[in-house]
Amino acid sequence: MADKSKHSYKLLYFQSRGVAELIRLLFKVAEVDFEDKRYSREEWPSQKEAQPLKALPVLEVDGKKYCLSAAIARYLAEEFGLMGSCPLDVLRINEIQEAVTEMFKDFFEIFYEKDKDKKVTMLQKTNKETLPKFLDFYEKRLKENNKGEGWVVGDKLTLADLVLYNTFHTITLFMSMAGLNALEKRPLLQAHYARVEALPQIAAWIKARPETEN
Ligand SMILES: N[C@@H](CCC(=O)N[C@@H](CS)C(=O)NCC(=O)O)C(=O)O
């Protein structure tokens, strides 16, 4: 585990979980302090130009700005000893993170659809046509490691477990709009989700974090 006081961290994002929540989960699991700065819609225009890609999240490390949520998450996982113990572990972890990014391409379009009925139809289609391939993949990876009874990679929690947990949290909420449960008939993935959520640091954060829509 990294020296907890090695750097000073300030996370800049909005009043939502969005693509910053994985970063917050990493800090919480590692029990490393960070400033969780959340800009309002009104504040954002005055902050935008100061950001490297004019978007958030941005992580300030000792006052220097770093951007792009996946890059930040990988950096923190490395710092906090959550990036596996060899290059092949890193590859397995990256596979999961990239698969989630690919899977989300479908969801972004649905997310921005304004027509409620259209949204439900799109969710049903995704649930039938896109999701199974990805769920099979996550399940296979989990099963290959300790028969699916532990973590996705190796014998301790890594970034990959947090990625899956955070993803299913969002997707479960989203799909419930169409009366669907993404993890139905996926007991291994359900149990893995519950295992991550039961970690004391995660359980405490779920209770304490501000309630936001997304
Ligand atoms: N792929 C980037 C996405 C960055 C991004 O698009 N951020 C959005 C919020 S999720 C943003 O800053 N929107 C405000 C704007 O573009 O003005 C990442 O993961 O960091």
# chains A, B, ... in the order shown; residues from 1 in each chain; ligands from 1
>>> select_by_dssp(residues="region 3-123 of chain A", states="helix (DSSP H, G or I)", output="VMD selection string")
chain A and resid 18 to 30 45 to 48 69 to 79 87 to 112 116 to 123
>>> residues_near_ligand(ligand="ligand 1", cutoff="6 Å", atoms="only C-alpha atoms and all ligand atoms", output="mmCIF file with N, CA, C and O atoms, in the first residue's frame")
data_model
loop_
_atom_site.group_PDB
_atom_site.id
_atom_site.type_symbol
_atom_site.label_atom_id
_atom_site.label_comp_id
_atom_site.auth_asym_id
_atom_site.auth_seq_id
_atom_site.Cartn_x
_atom_site.Cartn_y
_atom_site.Cartn_z
ATOM 1 N N GLY A 18 -21.323 10.007 -11.973
ATOM 2 C CA GLY A 18 -20.769 10.085 -13.325
ATOM 3 C C GLY A 18 -19.480 9.304 -13.511
ATOM 4 O O GLY A 18 -19.329 8.199 -12.978
ATOM 5 N N VAL A 19 -18.566 9.883 -14.275
ATOM 6 C CA VAL A 19 -17.310 9.167 -14.534
ATOM 7 C C VAL A 19 -16.259 9.429 -13.450
ATOM 8 O O VAL A 19 -15.122 8.976 -13.559
ATOM 9 N N ALA A 55 -12.866 19.798 -19.745
ATOM 10 C CA ALA A 55 -13.891 18.895 -19.213
ATOM 11 C C ALA A 55 -13.413 18.349 -17.870
ATOM 12 O O ALA A 55 -12.239 18.490 -17.502
ATOM 13 N N LEU A 56 -14.327 17.693 -17.150
ATOM 14 C CA LEU A 56 -13.994 17.075 -15.870
ATOM 15 C C LEU A 56 -14.367 15.587 -15.943
ATOM 16 O O LEU A 56 -15.221 15.234 -16.748
ATOM 17 N N PRO A 57 -13.768 14.708 -15.170
ATOM 18 C CA PRO A 57 -12.962 15.000 -13.999
ATOM 19 C C PRO A 57 -11.520 15.414 -14.310
ATOM 20 O O PRO A 57 -10.953 15.028 -15.335
ATOM 21 N N LEU A 68 -8.825 12.913 -17.703
ATOM 22 C CA LEU A 68 -9.380 11.672 -18.260
ATOM 23 C C LEU A 68 -9.557 10.604 -17.169
ATOM 24 O O LEU A 68 -8.576 10.106 -16.600
ATOM 25 N N SER A 69 -10.803 10.258 -16.942
ATOM 26 C CA SER A 69 -11.131 9.441 -15.775
ATOM 27 C C SER A 69 -10.426 8.078 -15.756
ATOM 28 O O SER A 69 -9.963 7.638 -14.697
ATOM 29 N N ALA A 70 -10.343 7.400 -16.918
ATOM 30 C CA ALA A 70 -9.725 6.072 -16.912
ATOM 31 C C ALA A 70 -8.230 6.170 -16.610
ATOM 32 O O ALA A 70 -7.670 5.338 -15.889
#
>>> closest_residue(among="A:Ser8, A:Asn94, A:Asn214, A:Gln124", to="Glu60 (chain A)", atoms="only C-alpha atoms")
A:Ser8
>>> closest_residue(among="A:Cys67, A:Val90, A:Leu11, A:Ile171", to="Leu135 (chain A)", atoms="only C-alpha atoms")
A:Ile171
>>> closest_residue(among="A:Ala50, A:Ala30, A:Ala198, A:Leu88", to="Tyr66 (chain A)", atoms="only C-alpha atoms")
A:Ala50
>>> residues_around(residues="Leu188 (chain A)", least_positions_apart="5", cutoff="8 Å", atoms="only C-alpha atoms", output="number ranges by chain")
A: 139, 142-143, 148-149
>>> select_by_dssp(residues="region 11-101 of chain A", states="strand (DSSP E)", output="list of chain:residue names")
A:Leu11, A:Leu12, A:Tyr13, A:Phe14, A:Glu35, A:Asp36, A:Lys37, A:Arg38, A:Tyr39, A:Val58, A:Leu59, A:Glu60, A:Val61, A:Lys64, A:Lys65, A:Tyr66, A:Cys67
>>> write_last_selection(atoms="N, CA and C atoms", output="PDB file, in the first residue's frame")
ATOM      1  N   LEU A  11      -9.941  16.310  -6.293  1.00  0.00           N
ATOM      2  CA  LEU A  11     -10.713  15.815  -7.442  1.00  0.00           C
ATOM      3  C   LEU A  11     -11.754  16.871  -7.819  1.00  0.00           C
ATOM      4  N   LEU A  12     -11.717  17.301  -9.086  1.00  0.00           N
ATOM      5  CA  LEU A  12     -12.685  18.276  -9.572  1.00  0.00           C
ATOM      6  C   LEU A  12     -13.719  17.552 -10.424  1.00  0.00           C
ATOM      7  N   TYR A  13     -14.989  17.706 -10.070  1.00  0.00           N
ATOM      8  CA  TYR A  13     -16.063  17.116 -10.888  1.00  0.00           C
ATOM      9  C   TYR A  13     -17.355  17.862 -10.606  1.00  0.00           C
ATOM     10  N   PHE A  14     -18.456  17.257 -11.017  1.00  0.00           N
ATOM     11  CA  PHE A  14     -19.760  17.892 -10.825  1.00  0.00           C
ATOM     12  C   PHE A  14     -20.487  17.220  -9.664  1.00  0.00           C
ATOM     13  N   GLU A  35      -9.674  15.943  -1.595  1.00  0.00           N
ATOM     14  CA  GLU A  35     -10.731  16.955  -1.577  1.00  0.00           C
ATOM     15  C   GLU A  35     -11.681  16.636  -2.714  1.00  0.00           C
ATOM     16  N   ASP A  36     -12.966  16.509  -2.391  1.00  0.00           N
ATOM     17  CA  ASP A  36     -13.984  16.091  -3.363  1.00  0.00           C
ATOM     18  C   ASP A  36     -14.747  17.336  -3.824  1.00  0.00           C
ATOM     19  N   LYS A  37     -14.101  18.107  -4.714  1.00  0.00           N
ATOM     20  CA  LYS A  37     -14.696  19.375  -5.155  1.00  0.00           C
ATOM     21  C   LYS A  37     -15.769  19.118  -6.208  1.00  0.00           C
ATOM     22  N   ARG A  38     -16.990  19.589  -5.944  1.00  0.00           N
ATOM     23  CA  ARG A  38     -18.117  19.350  -6.858  1.00  0.00           C
ATOM     24  C   ARG A  38     -18.676  20.686  -7.331  1.00  0.00           C
ATOM     25  N   TYR A  39     -18.460  21.007  -8.607  1.00  0.00           N
ATOM     26  CA  TYR A  39     -18.934  22.277  -9.155  1.00  0.00           C
ATOM     27  C   TYR A  39     -20.418  22.198  -9.505  1.00  0.00           C
ATOM     28  N   VAL A  58     -11.002  16.182 -13.354  1.00  0.00           N
ATOM     29  CA  VAL A  58      -9.576  16.510 -13.325  1.00  0.00           C
ATOM     30  C   VAL A  58      -9.099  16.172 -11.917  1.00  0.00           C
ATOM     31  N   LEU A  59      -7.928  15.555 -11.840  1.00  0.00           N
ATOM     32  CA  LEU A  59      -7.343  15.305 -10.530  1.00  0.00           C
ATOM     33  C   LEU A  59      -6.132  16.209 -10.375  1.00  0.00           C
ATOM     34  N   GLU A  60      -6.131  17.014  -9.320  1.00  0.00           N
ATOM     35  CA  GLU A  60      -4.947  17.819  -9.016  1.00  0.00           C
ATOM     36  C   GLU A  60      -4.088  17.032  -8.039  1.00  0.00           C
ATOM     37  N   VAL A  61      -2.866  16.763  -8.467  1.00  0.00           N
ATOM     38  CA  VAL A  61      -1.918  16.054  -7.608  1.00  0.00           C
ATOM     39  C   VAL A  61      -0.826  17.054  -7.258  1.00  0.00           C
ATOM     40  N   LYS A  64      -0.891  20.052  -9.497  1.00  0.00           N
ATOM     41  CA  LYS A  64      -0.794  19.877 -10.961  1.00  0.00           C
ATOM     42  C   LYS A  64      -2.024  19.151 -11.466  1.00  0.00           C
ATOM     43  N   LYS A  65      -2.525  19.578 -12.659  1.00  0.00           N
ATOM     44  CA  LYS A  65      -3.772  18.993 -13.156  1.00  0.00           C
ATOM     45  C   LYS A  65      -3.540  17.788 -14.076  1.00  0.00           C
ATOM     46  N   TYR A  66      -4.327  16.722 -13.854  1.00  0.00           N
ATOM     47  CA  TYR A  66      -4.309  15.529 -14.710  1.00  0.00           C
ATOM     48  C   TYR A  66      -5.750  15.204 -15.094  1.00  0.00           C
ATOM     49  N   CYS A  67      -5.947  14.745 -16.364  1.00  0.00           N
ATOM     50  CA  CYS A  67      -7.330  14.558 -16.811  1.00  0.00           C
ATOM     51  C   CYS A  67      -7.587  13.153 -17.356  1.00  0.00           C
TER      52      CYS A  67
END
